[in-house]
$ cat start06.cif   # mmCIF, C-alpha atoms (C1' of nucleotides)
data_run
#
loop_
_atom_site.label_atom_id
_atom_site.label_comp_id
_atom_site.auth_asym_id
_atom_site.auth_seq_id
_atom_site.Cartn_x
_atom_site.Cartn_y
_atom_site.Cartn_z
CA MET A 121 -19.15 7.81 -18.42
CA SER A 122 -21.43 9.66 -16.01
CA GLN A 123 -22.51 6.56 -14.23
CA VAL A 124 -23.99 8.40 -11.30
CA GLN A 125 -27.53 7.25 -11.92
CA LYS A 126 -29.77 8.65 -9.24
CA LEU A 127 -31.75 5.68 -8.07
CA THR A 128 -34.03 7.69 -5.82
CA THR A 129 -37.28 6.00 -6.73
CA ALA A 130 -36.78 5.74 -10.44
CA SER A 131 -37.70 2.71 -12.43
CA LEU A 132 -34.36 0.99 -12.38
CA HIS A 133 -33.71 -2.43 -10.97
CA ARG A 134 -34.76 -4.10 -14.17
CA PRO A 135 -35.47 -7.76 -13.60
CA GLY A 136 -33.28 -8.54 -16.60
CA LYS A 137 -29.99 -8.25 -14.73
CA LYS A 138 -29.74 -11.59 -13.05
CA LEU A 139 -27.03 -11.46 -10.43
CA THR A 140 -26.43 -8.27 -8.48
CA ARG A 141 -26.47 -5.16 -10.47
CA THR A 142 -24.77 -3.68 -7.42
CA HIS A 143 -21.78 -5.93 -7.84
CA ALA A 144 -21.07 -4.84 -11.38
CA ALA A 145 -21.76 -1.21 -10.54
CA LEU A 146 -19.11 -1.22 -7.80
CA LEU A 147 -16.51 -2.84 -10.03
CA ASN A 148 -17.27 -0.38 -12.76
CA ALA A 149 -17.17 2.61 -10.44
CA LEU A 150 -13.76 1.63 -9.12
CA LEU A 151 -12.54 1.16 -12.64
CA GLU A 152 -13.61 4.68 -13.58
CA LEU A 153 -12.19 6.23 -10.43
CA LEU A 154 -8.83 4.57 -11.08
CA ASP A 155 -8.62 6.72 -14.18
CA GLU A 156 -8.97 9.86 -12.14
CA LYS A 157 -6.83 9.21 -9.10
CA SER A 158 -4.64 6.67 -7.37
CA PHE A 159 -6.14 3.80 -5.45
CA GLU A 160 -5.08 5.16 -2.06
CA GLN A 161 -6.95 8.40 -2.67
CA ILE A 162 -10.21 6.71 -3.53
CA THR A 163 -12.67 6.37 -0.68
CA ILE A 164 -15.45 3.87 -0.31
CA ARG A 165 -17.93 6.73 -0.20
CA GLU A 166 -16.75 7.88 -3.62
CA ILE A 167 -17.06 4.42 -5.05
CA THR A 168 -20.60 3.93 -3.79
CA ALA A 169 -21.58 7.41 -4.90
CA LYS A 170 -20.33 6.87 -8.44
CA ALA A 171 -21.90 3.43 -8.51
CA GLY A 172 -25.23 4.90 -7.47
CA VAL A 173 -25.32 2.56 -4.55
CA GLY A 174 -25.93 3.04 -0.85
CA TYR A 175 -22.83 3.42 1.27
CA ALA A 176 -23.66 0.62 3.66
CA THR A 177 -24.37 -1.67 0.74
CA PHE A 178 -20.68 -1.78 -0.01
CA PHE A 179 -19.92 -3.64 3.20
CA ARG A 180 -22.56 -6.22 2.47
CA ARG A 181 -20.37 -7.51 -0.31
CA TYR A 182 -16.81 -6.50 0.48
CA GLN A 183 -14.86 -6.04 3.66
CA ASP A 184 -12.80 -3.17 2.36
CA LYS A 185 -11.47 -1.35 -0.68
CA GLU A 186 -8.71 -3.88 -1.15
CA GLU A 187 -11.14 -6.73 -1.54
CA LEU A 188 -13.01 -4.91 -4.27
CA LEU A 189 -9.79 -4.14 -6.09
CA HIS A 190 -8.69 -7.72 -5.72
CA ASP A 191 -11.94 -8.76 -7.30
CA LEU A 192 -11.45 -6.35 -10.16
CA ALA A 193 -7.84 -7.40 -10.57
CA ALA A 194 -8.71 -11.09 -10.63
CA GLN A 195 -11.29 -10.39 -13.29
CA GLU A 196 -8.85 -8.60 -15.56
CA ILE A 197 -6.03 -11.00 -14.87
CA ARG A 198 -8.09 -13.95 -15.86
CA ARG A 199 -8.25 -12.49 -19.33
CA LEU A 200 -4.59 -11.64 -19.31
CA LEU A 201 -3.59 -15.11 -18.21
CA THR A 202 -5.00 -16.49 -21.39
CA MET A 203 -2.10 -14.65 -22.98
CA THR A 204 0.50 -15.37 -20.33
CA LEU A 205 -0.10 -19.02 -19.63
CA PRO A 206 1.42 -20.33 -22.84
CA ILE A 207 4.66 -18.71 -21.71
CA VAL A 208 4.86 -21.21 -18.92
CA HIS A 209 4.18 -24.09 -21.24
CA ALA A 210 7.42 -23.14 -22.89
CA ALA A 211 6.21 -23.67 -26.42
CA ASP A 212 7.12 -20.36 -28.01
CA THR A 213 7.87 -17.86 -25.28
CA TYR A 214 8.37 -14.97 -27.65
CA ALA A 215 4.99 -15.43 -29.26
CA SER A 216 3.46 -15.54 -25.80
CA THR A 217 5.12 -12.40 -24.47
CA LEU A 218 4.25 -10.69 -27.70
CA ALA A 219 0.61 -11.60 -27.23
CA LEU A 220 0.81 -10.39 -23.65
CA CYS A 221 2.27 -7.04 -24.63
CA SER A 222 -0.22 -6.57 -27.44
CA PHE A 223 -3.06 -7.22 -25.06
CA ILE A 224 -1.70 -4.76 -22.50
CA TRP A 225 -1.12 -2.15 -25.15
CA LYS A 226 -4.64 -2.48 -26.45
CA HIS A 227 -6.01 -1.79 -22.97
CA LYS A 228 -3.21 0.48 -21.84
CA LYS A 229 -5.46 2.92 -20.05
CA LEU A 230 -6.91 0.22 -17.83
CA TRP A 231 -3.56 -1.40 -17.15
CA HIS A 232 -1.89 1.86 -16.45
CA ALA A 233 -4.34 2.30 -13.61
CA LEU A 234 -3.89 -1.25 -12.39
CA LEU A 235 -0.10 -1.23 -12.57
CA THR A 236 0.49 2.16 -11.01
CA GLY A 237 0.69 3.15 -7.37
CA GLY A 238 -0.91 1.23 -4.56
CA ALA A 239 -3.07 -0.83 -6.89
CA ALA A 240 0.00 -2.52 -8.32
CA ALA A 241 0.76 -4.46 -5.16
CA ILE A 242 -2.70 -5.99 -5.02
CA LEU A 243 -2.75 -6.71 -8.71
CA LYS A 244 0.65 -8.33 -8.51
CA GLU A 245 -0.56 -10.52 -5.68
CA ALA A 246 -3.59 -11.65 -7.66
CA TYR A 247 -1.43 -12.25 -10.70
CA LEU A 248 1.02 -14.25 -8.64
CA GLN A 249 -1.68 -16.46 -7.17
CA GLU A 250 -3.18 -17.25 -10.55
CA ALA A 251 0.20 -17.91 -12.10
CA LEU A 252 1.28 -20.12 -9.22
CA ALA A 253 -1.89 -22.15 -9.39
CA ALA A 254 -1.32 -22.65 -13.10
CA CYS A 255 2.32 -23.62 -12.64
CA ARG A 256 2.21 -25.95 -9.69
CA ASP A 257 0.58 -28.67 -11.77
CA GLN A 258 3.46 -29.10 -14.12
CA ALA A 259 6.18 -28.13 -11.72
CA ASP A 260 9.48 -29.77 -12.52
CA PRO A 261 10.70 -31.37 -9.29
CA SER A 262 14.26 -31.50 -10.62
CA ALA A 263 14.27 -27.78 -11.16
CA SER A 264 17.16 -25.92 -9.66
CA LEU A 265 14.77 -23.21 -8.52
CA PRO A 266 11.83 -23.48 -6.11
CA ILE A 267 8.70 -22.96 -8.15
CA ASP A 268 7.39 -20.25 -5.83
CA LEU A 269 10.56 -18.24 -6.14
CA ALA A 270 10.75 -18.66 -9.90
CA VAL A 271 7.20 -17.51 -10.47
CA SER A 272 7.47 -14.68 -7.94
CA VAL A 273 10.53 -13.22 -9.61
CA ALA A 274 9.14 -13.70 -13.09
CA ILE A 275 5.88 -11.98 -12.22
CA ALA A 276 7.72 -9.19 -10.45
CA GLY A 277 9.87 -8.67 -13.51
CA ILE A 278 6.92 -8.67 -15.87
CA VAL A 279 4.92 -6.26 -13.72
CA GLU A 280 7.89 -3.98 -13.27
CA THR A 281 8.65 -3.93 -16.97
CA LEU A 282 5.06 -3.32 -17.98
CA SER A 283 4.71 -0.59 -15.38
CA TRP A 284 7.81 1.11 -16.72
CA TRP A 285 6.52 0.77 -20.25
CA LEU A 286 3.18 2.41 -19.55
CA ARG A 287 4.84 5.29 -17.73
CA GLN A 288 7.05 6.32 -20.65
CA SER A 289 6.24 9.39 -22.71
CA ASN A 290 7.83 7.75 -25.75
CA PRO A 291 7.25 4.09 -25.10
CA PRO A 292 9.00 1.42 -27.17
CA ASP A 293 6.82 -0.61 -29.50
CA VAL A 294 5.14 -3.87 -28.61
CA GLU A 295 7.78 -6.06 -30.24
CA ALA A 296 10.64 -4.45 -28.35
CA MET A 297 8.88 -4.86 -25.03
CA ALA A 298 8.08 -8.48 -25.73
CA LYS A 299 11.75 -9.12 -26.34
CA THR A 300 12.68 -7.23 -23.20
CA ILE A 301 10.28 -9.19 -21.02
CA ASN A 302 11.52 -12.38 -22.54
CA ARG A 303 15.07 -11.45 -21.77
CA LEU A 304 14.64 -10.00 -18.30
CA ALA A 305 11.87 -12.05 -16.76
CA ILE A 306 11.26 -15.28 -18.67
CA ARG A 307 14.55 -16.62 -19.93
CA PRO A 308 16.44 -16.26 -16.62
CA VAL A 309 13.95 -18.56 -14.94
CA PHE A 310 14.16 -21.32 -17.53
CA GLU A 311 17.81 -21.36 -18.51
CA GLN A 312 20.31 -23.70 -16.91
CA ASP A 313 22.30 -22.22 -14.09
CA ASP A 314 25.58 -23.56 -15.37
CA LEU A 315 27.93 -20.72 -14.67
CA LEU A 316 28.28 -19.80 -11.06
CA MET B 1 13.93 -2.78 24.68
CA SER B 2 11.33 -0.91 26.70
CA GLN B 3 12.21 2.44 25.28
CA VAL B 4 9.16 4.11 26.69
CA GLN B 5 11.08 6.56 28.84
CA LYS B 6 8.63 8.76 30.65
CA LEU B 7 9.95 12.22 30.07
CA THR B 8 7.47 13.86 32.40
CA THR B 9 9.90 16.08 34.21
CA ALA B 10 12.76 13.66 34.59
CA SER B 11 16.35 14.64 34.01
CA LEU B 12 16.63 13.56 30.41
CA HIS B 13 17.50 15.85 27.55
CA ARG B 14 21.19 15.45 28.16
CA PRO B 15 23.11 18.21 26.43
CA GLY B 16 25.44 15.58 25.02
CA LYS B 17 23.17 14.59 22.14
CA LYS B 18 23.93 17.17 19.55
CA LEU B 19 21.35 16.94 16.78
CA THR B 20 17.79 16.08 17.65
CA ARG B 21 17.41 13.31 20.10
CA THR B 22 13.82 13.30 18.86
CA HIS B 23 14.89 12.38 15.37
CA ALA B 24 16.77 9.29 16.41
CA ALA B 25 14.07 8.30 18.88
CA LEU B 26 11.43 8.28 16.15
CA LEU B 27 13.57 6.22 13.81
CA ASN B 28 14.33 3.80 16.57
CA ALA B 29 10.72 3.53 17.66
CA LEU B 30 9.58 2.71 14.14
CA LEU B 31 12.30 0.12 13.88
CA GLU B 32 11.11 -1.60 17.03
CA LEU B 33 7.47 -1.43 16.04
CA LEU B 34 8.25 -3.03 12.69
CA ASP B 35 9.26 -6.10 14.63
CA GLU B 36 5.87 -6.33 16.24
CA LYS B 37 3.49 -5.53 13.42
CA SER B 38 3.25 -4.53 9.79
CA PHE B 39 3.83 -0.97 8.70
CA GLU B 40 0.18 -0.36 7.82
CA GLN B 41 -0.91 -1.24 11.32
CA ILE B 42 1.48 1.14 13.01
CA THR B 43 0.02 4.51 13.94
CA ILE B 44 1.84 7.76 14.43
CA ARG B 45 0.55 7.85 17.99
CA GLU B 46 2.22 4.52 18.68
CA ILE B 47 5.48 5.70 17.23
CA THR B 48 5.57 8.86 19.28
CA ALA B 49 4.51 6.99 22.40
CA LYS B 50 7.27 4.42 22.06
CA ALA B 51 9.75 7.14 21.20
CA GLY B 52 8.77 9.03 24.33
CA VAL B 53 7.99 12.06 22.24
CA GLY B 54 4.99 14.35 22.02
CA TYR B 55 2.48 13.48 19.34
CA ALA B 56 2.51 16.87 17.67
CA THR B 57 6.28 16.80 17.60
CA PHE B 58 6.16 14.15 14.94
CA PHE B 59 4.66 16.54 12.42
CA ARG B 60 7.34 19.08 13.07
CA ARG B 61 9.79 16.76 11.36
CA TYR B 62 7.79 14.51 9.08
CA GLN B 63 4.67 14.92 7.03
CA ASP B 64 3.49 11.38 7.54
CA LYS B 65 4.43 7.82 8.41
CA GLU B 66 5.74 7.15 4.94
CA GLU B 67 8.29 9.92 5.18
CA LEU B 68 9.67 8.53 8.39
CA LEU B 69 9.91 5.06 6.89
CA HIS B 70 11.57 6.47 3.82
CA ASP B 71 14.09 8.11 6.11
CA LEU B 72 14.72 4.85 7.92
CA ALA B 73 14.93 2.94 4.68
CA ALA B 74 17.40 5.36 3.16
CA GLN B 75 19.54 5.02 6.24
CA GLU B 76 19.67 1.24 6.05
CA ILE B 77 20.01 1.16 2.31
CA ARG B 78 23.00 3.40 2.39
CA ARG B 79 24.80 0.68 4.31
CA LEU B 80 23.50 -1.99 2.02
CA LEU B 81 24.56 -0.13 -1.10
CA THR B 82 28.13 -0.40 0.00
CA MET B 83 27.62 -4.09 -0.70
CA THR B 84 25.48 -3.74 -3.80
CA LEU B 85 27.29 -1.04 -5.67
CA PRO B 86 30.24 -3.16 -6.76
CA ILE B 87 27.71 -5.34 -8.60
CA VAL B 88 27.04 -2.50 -10.95
CA HIS B 89 30.73 -1.93 -11.52
CA ALA B 90 30.70 -5.39 -12.99
CA ALA B 91 33.98 -6.47 -11.50
CA ASP B 92 32.98 -9.70 -9.82
CA THR B 93 29.23 -9.84 -9.60
CA TYR B 94 29.14 -13.07 -7.65
CA ALA B 95 31.39 -11.71 -4.94
CA SER B 96 29.13 -8.69 -4.74
CA THR B 97 25.86 -10.56 -4.50
CA LEU B 98 27.47 -12.85 -1.97
CA ALA B 99 28.44 -9.86 0.12
CA LEU B 100 24.92 -8.51 -0.23
CA CYS B 101 23.31 -11.74 0.90
CA SER B 102 25.70 -12.12 3.80
CA PHE B 103 24.86 -8.64 4.96
CA ILE B 104 21.13 -9.25 4.72
CA TRP B 105 21.45 -12.55 6.50
CA LYS B 106 23.38 -10.99 9.33
CA HIS B 107 20.58 -8.47 9.89
CA LYS B 108 17.76 -10.70 8.79
CA LYS B 109 15.36 -9.57 11.47
CA LEU B 110 15.63 -5.95 10.40
CA TRP B 111 15.40 -6.73 6.72
CA HIS B 112 12.51 -9.07 7.18
CA ALA B 113 10.57 -6.12 8.56
CA LEU B 114 11.73 -3.81 5.80
CA LEU B 115 11.06 -6.24 2.97
CA THR B 116 7.66 -7.46 4.11
CA GLY B 117 4.23 -5.97 3.58
CA GLY B 118 3.61 -2.31 2.94
CA ALA B 119 7.09 -1.29 3.97
CA ALA B 120 8.59 -3.12 1.01
CA ALA B 121 7.18 -0.69 -1.55
CA ILE B 122 8.73 2.31 0.15
CA LEU B 123 12.01 0.54 0.73
CA LYS B 124 12.14 -0.56 -2.87
CA GLU B 125 11.55 2.99 -3.98
CA ALA B 126 14.39 4.28 -1.81
CA TYR B 127 16.62 1.46 -3.01
CA LEU B 128 15.77 2.25 -6.59
CA GLN B 129 16.55 5.93 -6.24
CA GLU B 130 19.93 5.27 -4.66
CA ALA B 131 20.83 2.65 -7.22
CA LEU B 132 19.75 4.84 -10.10
CA ALA B 133 21.78 7.74 -8.83
CA ALA B 134 24.80 5.48 -8.60
CA CYS B 135 24.29 4.03 -12.07
CA ARG B 136 23.49 7.08 -14.12
CA ASP B 137 27.08 8.27 -13.95
CA GLN B 138 28.51 5.32 -15.78
CA ALA B 139 25.51 4.57 -17.92
CA ASP B 140 26.42 2.96 -21.19
CA PRO B 141 24.70 5.00 -23.91
CA SER B 142 25.05 2.11 -26.37
CA ALA B 143 23.19 -0.20 -24.04
CA SER B 144 20.28 -2.07 -25.53
CA LEU B 145 18.29 -1.37 -22.39
CA PRO B 146 17.23 2.00 -20.96
CA ILE B 147 19.11 2.43 -17.72
CA ASP B 148 15.95 3.18 -15.74
CA LEU B 149 14.31 -0.01 -16.88
CA ALA B 150 17.38 -2.13 -16.30
CA VAL B 151 17.86 -0.88 -12.75
CA SER B 152 14.16 -1.06 -11.95
CA VAL B 153 13.88 -4.67 -12.98
CA ALA B 154 17.14 -5.64 -11.30
CA ILE B 155 16.10 -4.03 -8.02
CA ALA B 156 12.65 -5.57 -8.24
CA GLY B 157 14.22 -8.97 -8.77
CA ILE B 158 16.65 -8.55 -5.91
CA VAL B 159 13.96 -7.34 -3.52
CA GLU B 160 11.58 -10.09 -4.55
CA THR B 161 14.22 -12.76 -4.12
CA LEU B 162 15.38 -11.48 -0.76
CA SER B 163 11.80 -11.16 0.42
CA TRP B 164 11.13 -14.76 -0.57
CA TRP B 165 14.29 -15.87 1.13
CA LEU B 166 13.47 -14.28 4.45
CA ARG B 167 9.98 -15.73 4.42
CA GLN B 168 11.10 -19.35 4.11
CA SER B 169 10.98 -21.69 7.09
CA ASN B 170 13.97 -23.60 5.73
CA PRO B 171 15.83 -20.93 3.83
CA PRO B 172 18.66 -21.80 1.46
CA ASP B 173 22.14 -20.77 2.53
CA VAL B 174 23.80 -17.52 1.64
CA GLU B 175 25.83 -18.93 -1.24
CA ALA B 176 22.81 -20.43 -2.97
CA MET B 177 20.90 -17.17 -2.74
CA ALA B 178 23.81 -15.20 -4.09
CA LYS B 179 23.88 -17.47 -7.10
CA THR B 180 20.14 -17.16 -7.52
CA ILE B 181 20.18 -13.39 -7.41
CA ASN B 182 23.03 -13.36 -9.85
CA ARG B 183 21.13 -15.57 -12.21
CA LEU B 184 17.67 -14.02 -11.93
CA ALA B 185 18.35 -10.33 -11.43
CA ILE B 186 21.90 -9.39 -12.38
CA ARG B 187 23.00 -11.44 -15.34
CA PRO B 188 19.85 -10.82 -17.45
CA VAL B 189 20.50 -7.11 -17.34
CA PHE B 190 24.11 -7.32 -18.47
CA GLU B 191 24.11 -10.10 -21.03
CA GLN B 192 23.81 -9.44 -24.72
CA ASP B 193 20.36 -9.81 -26.14
CA ASP B 194 21.51 -11.88 -29.06
CA LEU B 195 18.72 -14.37 -29.46
CA LEU B 196 15.30 -13.03 -30.30
"C1'" DA C 212 -52.78 -12.56 -5.17
"C1'" DG C 213 -50.77 -12.73 -0.65
"C1'" DC C 214 -46.93 -13.93 2.36
"C1'" DT C 215 -41.98 -14.29 3.04
"C1'" DT C 216 -37.27 -13.53 2.31
"C1'" DT C 217 -33.65 -10.90 0.62
"C1'" DA C 218 -31.31 -6.84 -1.24
"C1'" DT C 219 -31.09 -1.84 -0.93
"C1'" DG C 220 -31.23 2.98 0.29
"C1'" DA C 221 -30.86 6.18 3.77
"C1'" DT C 222 -29.23 7.65 7.87
"C1'" DA C 223 -27.27 7.82 12.29
"C1'" DC C 224 -23.43 6.80 15.22
"C1'" DA C 225 -19.30 5.37 17.60
"C1'" DG C 226 -14.53 4.75 17.03
"C1'" DT C 227 -10.06 5.84 15.18
"C1'" DG C 228 -6.38 8.28 13.13
"C1'" DT C 229 -4.79 12.60 11.12
"C1'" DG C 230 -3.05 17.15 10.94
"C1'" DT C 231 -3.29 21.84 13.01
"C1'" DA C 232 -3.34 25.23 16.65
"C1'" DT C 233 -2.19 26.91 21.20
"C1'" DC C 234 0.32 27.61 25.37
"C1'" DA C 235 3.60 26.96 28.85
"C1'" DT C 236 8.20 25.18 29.76
"C1'" DA C 237 12.79 23.42 29.23
"C1'" DA C 238 17.08 23.64 26.48
"C1'" DA C 239 20.36 26.13 23.89
"C1'" DG C 240 22.42 30.22 22.06
"C1'" DT C 241 23.85 35.08 22.74
"C1'" DA D 235 19.92 37.50 32.04
"C1'" DC D 236 17.51 37.79 27.60
"C1'" DT D 237 16.12 35.60 23.35
"C1'" DT D 238 15.19 31.89 20.39
"C1'" DT D 239 14.07 27.35 19.42
"C1'" DA D 240 12.45 22.66 20.40
"C1'" DT D 241 9.15 20.01 23.06
"C1'" DG D 242 5.30 18.27 25.72
"C1'" DA D 243 0.64 18.41 26.40
"C1'" DT D 244 -3.71 19.04 25.01
"C1'" DA D 245 -7.69 20.34 22.46
"C1'" DC D 246 -10.03 20.23 18.12
"C1'" DA D 247 -11.91 20.00 13.56
"C1'" DC D 248 -12.11 16.56 9.97
"C1'" DA D 249 -12.32 12.59 7.22
"C1'" DC D 250 -13.22 7.59 6.81
"C1'" DT D 251 -14.52 3.49 8.43
"C1'" DG D 252 -17.52 -0.11 9.84
"C1'" DT D 253 -21.87 -1.24 12.24
"C1'" DA D 254 -26.68 -0.80 13.35
"C1'" DT D 255 -31.45 0.35 12.29
"C1'" DC D 256 -35.58 0.87 9.67
"C1'" DA D 257 -38.54 1.24 5.95
"C1'" DT D 258 -39.14 -0.09 1.16
"C1'" DA D 259 -38.67 -2.36 -3.22
"C1'" DA D 260 -37.68 -6.70 -5.56
"C1'" DA D 261 -37.91 -11.56 -6.00
"C1'" DG D 262 -39.36 -16.06 -4.69
"C1'" DC D 263 -42.84 -19.20 -3.18
"C1'" DT D 264 -47.34 -21.38 -2.37
#

$ encode --input "start06.cif" --output "structure tokens"
Amino acid sequence: MSQVQKLTTASLHRPGKKLTRTHAALLNALLELLDEKSFEQITIREITAKAGVGYATFFRRYQDKEELLHDLAAQEIRRLLTMTLPIVHAADTYASTLALCSFIWKHKKLWHALLTGGAAAILKEAYLQEALAACRDQADPSASLPIDLAVSVAIAGIVETLSWWLRQSNPPDVEAMAKTINRLAIRPVFEQDDLL
Amino acid sequence: MSQVQKLTTASLHRPGKKLTRTHAALLNALLELLDEKSFEQITIREITAKAGVGYATFFRRYQDKEELLHDLAAQEIRRLLTMTLPIVHAADTYASTLALCSFIWKHKKLWHALLTGGAAAILKEAYLQEALAACRDQADPSASLPIDLAVSVAIAGIVETLSWWLRQSNPPDVEAMAKTINRLAIRPVFEQDDLL
DNA sequence: AGCTTTATGATACAGTGTGTATCATAAAGT
DNA sequence: ACTTTATGATACACACTGTATCATAAAGCT
């Protein structure tokens, strides 16, 4: 937890770590800081300090805070998509949302940080991009809904629901949330728009 | 449009304006700036300059940019809610969403600014608060969905859909969007959750 | 091993925006 | 006319950012 490793002239920089120890240290530092405060309140100086990395070094890899968060978000979302993707493939949507909710619940601390406050917008954007890329392939041209709109609204609904879930003091169980997501975010996108 | 009124020692400050000319000037200045750039890029100095108001004066009324935007958002949303509220009362949801979309379309330039980028989060929050306040009264205790969650997801869906709409180069017409909002954001919240 | 290239740490620095404090003046209230 | 309040105009202390510089450690290459 105290990752502050003074690298003054100590014997770190093991040759074992192949690609950029710095990289991982920054991601990890941001992750830890997100547990303590909101993304907006975190400064680059804090991140580099906790990562045990020089301040200027940050800008050699990222342009700004947002880019680092986007990197972190993409990393976590890639795992999550393994759960979410089957939803799109329409096999068994309930099983998929259930898997999604279970996954979130297992890592609720992490996802609470990612889905709360200013971080949520960036995470949602990364989520949206990944989901869109995955959906465009098998997009149904005869669909009554533009694929971009459908995915945008579905993702927004999922993110909103999960965010609400993680903020509750007495949160519903995983099964209930899976049903809720299915009802509010997934089914509306797939069903026929017969009435009105 | 050039609202930059030099107030050096000119004969402004008409006694006619009763409550705080400054107040309105700031709101108006932000509104105009939102047409030129995104909310994040706007500085308080710019706002006060365009409003023809002293820089320090800003902080006598608002704590920060966000508070001013929240004020502006609340103002615009109050009008919009006159359209949206009937949706909740479940009389004729299509007529309500149609009214909502027509209203947005009529003021699309304004709402494009409010629903795009960093401003969207604050607007959504204001929208959510107003909608929640309006819904709590007649909340159905036997509902299968917590009222907070239902409204949150509905608002998120509406905002997401409208935002998508206003970003299109060849946007669908008002009727189509009303149907879409009805299908994606309104109906899912009200329907019975029979299956699964 | 010796030379070269690259990644880092450690500062220093300029630029920008924020929020507060101060003071004199104009507007409004009495 | 006297008092109170709102404003304009600065000035300032602060916090962050993003860039530049320089010396050093690590890694790669011959």

$ closest_residue --input "start06.cif" --among "B:Pro146, B:Gly52, B:Gly117, B:Gly157" --to "Pro292 of chain A" --atoms "only C-alpha atoms"
B:Pro146

$ residues_around --input "start06.cif" --residues "segment 236-248 of chain D" --least-positions-apart "4" --cutoff "8 Å" --atoms "only C-alpha atoms (C1' of nucleotides)" --output "number ranges by chain"
B: 53-54, 57; C: 237-241

$ resolve_selection --input "start06.cif" --expression "the PyMOL selection byres ((chain B) within 8 of (chain A))" --output "number ranges by chain"
B: 94, 149, 152-153, 156-157, 160-161, 164, 179, 183-185, 188-189, 193, 196

$ interface_residues --input "start06.cif" --of "chain C" --to "chain B" --cutoff "12 Å" --atoms "only C-alpha atoms (C1' of nucleotides)" --output "PyMOL selection string"
chain C and resi 227-233+236-239

$ closest_residue --input "start06.cif" --among "D:DC263, D:DA249, D:DA257, D:DA235" --to "chain A" --atoms "all atoms listed in the file"
D:DA249

$ atom_distance --input "start06.cif" --atom1 "atom CA of Leu234 of chain A" --atom2 "atom CA of Leu153 of chain A"
11.3 Å

$ residues_around --input "start06.cif" --residues "DT216 of chain C" --least-positions-apart "4" --cutoff "12 Å" --atoms "only C-alpha atoms (C1' of nucleotides)" --output "VMD selection string"
chain D and resid 260 to 263

$ atom_distance --input "start06.cif" --atom1 "atom CA of Ala233 of chain A" --atom2 "atom CA of Ile162 of chain A"
12.5 Å

$ atom_distance --input "start06.cif" --atom1 "atom CA of Ala73 of chain B" --atom2 "atom C1' of DC250 of chain D"
28.6 Å

$ residues_near_point --input "start06.cif" --point "(-10.3, 5.2, -17.2)" --cutoff "12 Å" --atoms "only C-alpha atoms (C1' of nucleotides)" --output "list in words"
Met121, Asn148, Ala149, Leu150, Leu151, Glu152, Leu153, Leu154, Asp155, Glu156, Lys157, Ser158, His227, Lys228, Lys229, Leu230, Trp231, His232, Ala233 and Leu234 of chain A

$ closest_residue --input "start06.cif" --among "A:Leu200, A:Tyr175, A:Ala215, A:Ala145" --to "chain D" --atoms "all atoms listed in the file"
A:Tyr175

$ residues_near_point --input "start06.cif" --point "(-7.3, -2.0, -8.6)" --cutoff "7 Å" --atoms "all atoms listed in the file" --output "list in words"
Phe159, Leu189, His190, Leu192, Ala193, Leu234, Ala239 and Leu243 of chain A

$ closest_residue --input "start06.cif" --among "B:Ala126, B:Ala99, B:Leu132, B:Leu26" --to "Glu175 of chain B" --atoms "only C-alpha atoms"
B:Ala99

$ axis_aligned_box --input "start06.cif" --around "segment 105-116 of chain B" --padding-each-side "4 Å" --output "AutoDock Vina command-line options"
--center_x 15.5 --center_y -8.2 --center_z 7.2 --size_x 23.7 --size_y 16.7 --size_z 16.5

$ closest_residue --input "start06.cif" --among "A:Ser222, A:Gln288, A:Thr140, A:Gln249" --to "chain D" --atoms "all atoms listed in the file"
A:Thr140
